[in-house]
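One structure is given below, encoded as structure tokens.
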Protein chains: 2
Amino acid sequence: MLHQGAADSSQQSSTAPTIPTLYSGIVPTTTTAHTPHVPSACQVCGDQSSGKHYGVLCCDGCSCFFKRSVRKGTMYACIAAKGNCVVDKARRNWCPYCRLQRCLAVGMNVAAVQEERGPRTQATAIAKHGGITPSPTGAVNAVNATGNAMNFQILAQILVTCLRQAKCNEQFRTLAAAQQEAILSTVWNECFVLRASHWSLDISAMIDACGDPQLRRIIVEAKQLRADVMELNFLETLILCRKELAVSAENAVLLESYANGALVSLARYTIQQSNWLRFGTLLLGLRQLTQRCYESLLSSLFRSVVKDIVKSL
Amino acid sequence: MLHQGAADSSQQSSTAPTIPTLYSGIVPTTTTAHTPHVPSACQVCGDQSSGKHYGVLCCDGCSCFFKRSVRKGTMYACIAAKGNCVVDKARRNWCPYCRLQRCLAVGMNVAAVQEERGPRTQATAIAKHGGITPSPTGAVNAVNATGNAMNFQILAQILVTCLRQAKCNEQFRTLAAAQQEAILSTVWNECFVLRASHWSLDISAMIDACGDPQLRRIIVEAKQLRADVMELNFLETLILCRKELAVSAENAVLLESYANGALVSLARYTIQQSNWLRFGTLLLGLRQLTQRCYESLLSSLFRSVVKDIVKSL
DNA sequence: CCGGGTCATCGGTCAG
DNA sequence: CTGACCGATGACCCG
């Protein structure tokens, strides 16, 4: 930080608003000459980049910030509630939410953040010194980058399947394409978790392999609903048909009627085989599902694919 | 890159005539090496230094004082009008003018003081203890400083009333104090919106005056539930008794049973006067309420007061 | 090169 | 306003 301050004061005495262009026209010729490393602009904040991190050219700060954010799974709130704060070198620390959003927007890969390892040294030193090997605490799970990618692909396939299923939803399918797309691009993650948590095969290993601890927690929680096929369908309708996501007044009415229909059907279905409690529990589960999904980094995992999936089919 | 002043100041403690002796004999051998943290004298007042700040070895107090002075840009006047007051640990607070002069004299770097950032934005610390959770905060600027301050005060009173009511909730009140506090510090905003949206008087003007458009939307949405007193009580229980917020395994069981009880009661109550739809609609409204609350900046509005309120009563 | 961790030094907090 | 305290940041190093 001191370093940062020093750099600031020496170069740009004031908070210069035009930072991103820092190396736009200056460096090109001198680049190959004697530069220690190729200077490029951080795609997140425009600061000097130290190379690629998590798939994107960015500076140490943004790289580190991204790593910590993903590891801890903290969910930020935009300081201005707009979600469009300026993220440049001088202001990147003002709004963590917008900084993280920007990290994801430029394509930083959540899955590339590894599990936390133990402290760096000690183990060897102590082992040499005495004979008492201390427990290396964090079982370094370097994991297989290859198998990891494979698992991700499979999960992406599951995602496609879930969204196809949503498209076939009896009520949802009747909506106009634009309305469908508007809804799905918002609630796709809820659809995914609902279905994936009740997948016929055990896919927990693949979910673990994605390296997103949040996703794991969400799925585990959703799994506790133990919904059957009928219940899943009704819940899916309730996820898909939310009048708040209507693009027009008529659609709002339509969506509400769909949701009401699903509610009544679900009530009938659950009451006939057990009691009211089941009905209420499922709906409360929906609340939990919604909240968790929007608090999580789930989206970033499939960010690249979900857009295309929603469009096609 | 690093401050020249750093090297300078660490050696020439001479600037301060009376100070240097403080730790001169304690750290003799290890001085220059790379000791974890060498206790040294603050170059400004001679107190124990906690490391370099703004380029100079100094204590937390002088560091903080310097930061505040630079940020606020206040001009002090020497209390003795001489500009040569003694600045040592015991007397550093007597004359801010001379203290600041001394900060500058020993080379503290004004440019290293960054601009003020917003309040810390934390957001939901998921996992772990499940208890500690101040909600997302944001800098809702002073805005309504003048005329609206009154309205804000009234709303804060309403908030107090809502939380008192929550504390009296038939189920919630039986929980241990620590558990109550853990839950309320998370869901207080849901409690507030639920009650405020169904307030007996029309408080929409005050809500508007708070200058948070999000809050307005949330309240309007919640108002559409048109819940009666009984329903409100059941919904409140469902907000308060979420097993995810349990601080212990036993409490999780307890909370779940409370929620189940509320579900059954609400079902009985609603079915006798209309139908299943009402029951389901209310629960979906709960989902909407939860999501909106955590997406909004509501918390920042009451950030300063809610903490105290939750603690007291 | 790009993952990881480290730690001096920034930031804000909040009783006193 | 003060300052002890703690979380966040990022330049730097290792493997």
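We name chains A, B, ... following the order of the structure tokens; residues begin at 1 in each chain, and ligands are numbered from 1 as shown.
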
- Message: Set the distance at 12 Å and use only C-alpha atoms (C1' of nucleotides): which residues neighbour DC12 in chain D once local chain neighbours fewer than 5 positions away are removed? I'd like the list as an MDAnalysis selection string.
- Response: (chainID A and resid 3 50 60:61) or (chainID C and resid 5:8)

Find the residues in chain D near chain A: any atom within 12 Å counts, using only C-alpha atoms (C1' of nucleotides). Write them as a PDB file with C-alpha atoms (C1' of nucleotides), in the first residue's frame.
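Output file out.pdb follows:
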ATOM      1  C1'  DA D   8      -8.129  -5.506   3.273  1.00  0.00           C
ATOM      2  C1'  DT D   9      -4.736  -4.507   0.049  1.00  0.00           C
ATOM      3  C1'  DG D  10      -0.987  -5.468  -3.127  1.00  0.00           C
ATOM      4  C1'  DA D  11       4.227  -5.597  -4.068  1.00  0.00           C
ATOM      5  C1'  DC D  12       7.022  -9.231  -3.721  1.00  0.00           C
ATOM      6  C1'  DC D  13       8.715 -13.814  -3.440  1.00  0.00           C
ATOM      7  C1'  DC D  14       8.568 -19.027  -4.100  1.00  0.00           C
ATOM      8  C1'  DG D  15       7.667 -23.362  -6.810  1.00  0.00           C
TER       9       DG D  15
END

Could you give me, as CSV, a per-residue list for chain B showing, wherever an atom lies at most 10 Å from an atom of chain C, the closest pair of atoms and their distance in Å to one decimal, using only C-alpha atoms (C1' of nucleotides) and sorting by chain then residue number from low to high?
residue,atom,partner,partner_atom,distance
B:Pro36,CA,C:DC7,C1',9.1
B:His37,CA,C:DA8,C1',9.3
B:Gly51,CA,C:DA8,C1',7.6
B:Lys52,CA,C:DT9,C1',7.1
B:His53,CA,C:DT9,C1',6.6
B:Tyr54,CA,C:DT9,C1',8.4
B:Gly55,CA,C:DT9,C1',9.6
B:Ala112,CA,C:DC10,C1',9.1
B:Val113,CA,C:DC10,C1',8.7
B:Gln114,CA,C:DC10,C1',8.5
B:Glu116,CA,C:DG11,C1',8.7
B:Arg117,CA,C:DG11,C1',8.0
B:Gly118,CA,C:DG12,C1',8.8
B:Pro119,CA,C:DG12,C1',6.9
B:Arg120,CA,C:DG12,C1',6.7

- Compile the residues of chain A that lie within 6 Å of chain B, evaluated using only C-alpha atoms, and express the compilation as a list in words. Gly5, Ser9, Met75, Tyr76, Ala77, Ile79, Trp94, Leu263, Val264, Leu277, Gly280, Arg287 and Gln291 of chain A

Mind dumping the selected residues with all heavy atoms as a compact mmCIF listing (two decimals), in the first residue's frame?
# COMPACT_ATOMS: atom_id res chain seq x y z
N GLY A 5 0.96 4.15 -2.70
CA GLY A 5 0.95 5.56 -2.41
C GLY A 5 2.13 6.26 -3.05
O GLY A 5 2.01 7.32 -3.64
N SER A 9 2.00 9.16 -5.93
CA SER A 9 2.49 10.51 -5.75
C SER A 9 3.55 10.86 -6.78
O SER A 9 3.70 12.00 -7.18
CB SER A 9 3.08 10.66 -4.34
OG SER A 9 4.11 9.72 -4.15
N MET A 75 -20.07 -11.93 -0.22
CA MET A 75 -20.95 -11.28 -1.18
C MET A 75 -20.96 -9.80 -0.84
O MET A 75 -21.29 -9.41 0.25
CB MET A 75 -22.35 -11.87 -1.05
CG MET A 75 -23.18 -11.71 -2.26
SD MET A 75 -23.84 -10.08 -2.36
CE MET A 75 -24.96 -10.23 -3.69
N TYR A 76 -20.58 -9.00 -1.79
CA TYR A 76 -20.53 -7.57 -1.53
C TYR A 76 -21.84 -6.90 -1.94
O TYR A 76 -22.65 -7.47 -2.66
CB TYR A 76 -19.40 -6.93 -2.32
CG TYR A 76 -18.05 -7.54 -2.08
CD1 TYR A 76 -17.43 -8.31 -3.06
CD2 TYR A 76 -17.39 -7.36 -0.88
CE1 TYR A 76 -16.17 -8.86 -2.85
CE2 TYR A 76 -16.15 -7.92 -0.66
CZ TYR A 76 -15.54 -8.67 -1.66
OH TYR A 76 -14.31 -9.21 -1.43
N ALA A 77 -22.01 -5.70 -1.50
CA ALA A 77 -23.13 -4.89 -1.96
C ALA A 77 -22.56 -3.63 -2.58
O ALA A 77 -21.59 -3.08 -2.08
CB ALA A 77 -24.05 -4.54 -0.80
N ILE A 79 -21.78 -0.06 -3.34
CA ILE A 79 -21.76 1.08 -2.43
C ILE A 79 -22.75 2.14 -2.86
O ILE A 79 -23.24 2.92 -2.07
CB ILE A 79 -20.33 1.64 -2.42
CG1 ILE A 79 -20.07 2.43 -1.17
CG2 ILE A 79 -20.04 2.45 -3.64
CD1 ILE A 79 -18.63 2.78 -1.01
N TRP A 94 -12.92 1.37 -3.83
CA TRP A 94 -14.10 2.02 -3.28
C TRP A 94 -15.28 1.08 -3.21
O TRP A 94 -16.02 1.07 -2.24
CB TRP A 94 -14.47 3.25 -4.12
CG TRP A 94 -13.54 4.38 -3.91
CD1 TRP A 94 -12.34 4.33 -3.26
CD2 TRP A 94 -13.72 5.73 -4.32
NE1 TRP A 94 -11.76 5.57 -3.26
CE2 TRP A 94 -12.59 6.44 -3.89
CE3 TRP A 94 -14.72 6.41 -4.99
CZ2 TRP A 94 -12.43 7.81 -4.13
CZ3 TRP A 94 -14.56 7.76 -5.23
CH2 TRP A 94 -13.43 8.45 -4.80
N LEU A 263 -49.24 -23.09 -7.56
CA LEU A 263 -49.44 -23.14 -6.11
C LEU A 263 -50.58 -24.08 -5.75
O LEU A 263 -50.44 -24.96 -4.88
CB LEU A 263 -49.75 -21.74 -5.57
CG LEU A 263 -48.57 -20.83 -5.26
CD1 LEU A 263 -49.06 -19.49 -4.74
CD2 LEU A 263 -47.64 -21.48 -4.25
N VAL A 264 -51.69 -23.90 -6.43
CA VAL A 264 -52.86 -24.71 -6.12
C VAL A 264 -52.57 -26.19 -6.42
O VAL A 264 -52.89 -27.07 -5.62
CB VAL A 264 -54.08 -24.23 -6.93
CG1 VAL A 264 -55.24 -25.18 -6.77
CG2 VAL A 264 -54.47 -22.83 -6.49
N LEU A 277 -47.75 -29.19 5.98
CA LEU A 277 -46.38 -28.85 6.30
C LEU A 277 -45.48 -29.00 5.08
O LEU A 277 -44.59 -28.19 4.82
CB LEU A 277 -45.90 -29.74 7.44
CG LEU A 277 -44.60 -29.33 8.11
CD1 LEU A 277 -44.64 -27.87 8.52
CD2 LEU A 277 -44.33 -30.21 9.31
N GLY A 280 -45.76 -26.01 2.72
CA GLY A 280 -45.07 -24.83 3.23
C GLY A 280 -43.56 -25.00 3.21
O GLY A 280 -42.82 -24.07 2.86
N ARG A 287 -37.56 -20.07 -1.07
CA ARG A 287 -36.99 -18.81 -0.58
C ARG A 287 -35.50 -18.96 -0.35
O ARG A 287 -34.69 -18.15 -0.80
CB ARG A 287 -37.68 -18.42 0.74
CG ARG A 287 -36.97 -17.28 1.46
CD ARG A 287 -37.64 -16.89 2.76
NE ARG A 287 -37.52 -17.88 3.82
CZ ARG A 287 -37.75 -17.65 5.10
NH1 ARG A 287 -38.19 -16.46 5.48
NH2 ARG A 287 -37.62 -18.59 6.00
N GLN A 291 -32.43 -17.03 -2.38
CA GLN A 291 -31.46 -16.17 -1.70
C GLN A 291 -30.03 -16.65 -1.92
O GLN A 291 -29.15 -15.89 -2.27
CB GLN A 291 -31.77 -16.12 -0.21
CG GLN A 291 -30.93 -15.08 0.52
CD GLN A 291 -31.19 -15.07 2.01
OE1 GLN A 291 -32.03 -15.80 2.51
NE2 GLN A 291 -30.45 -14.26 2.72
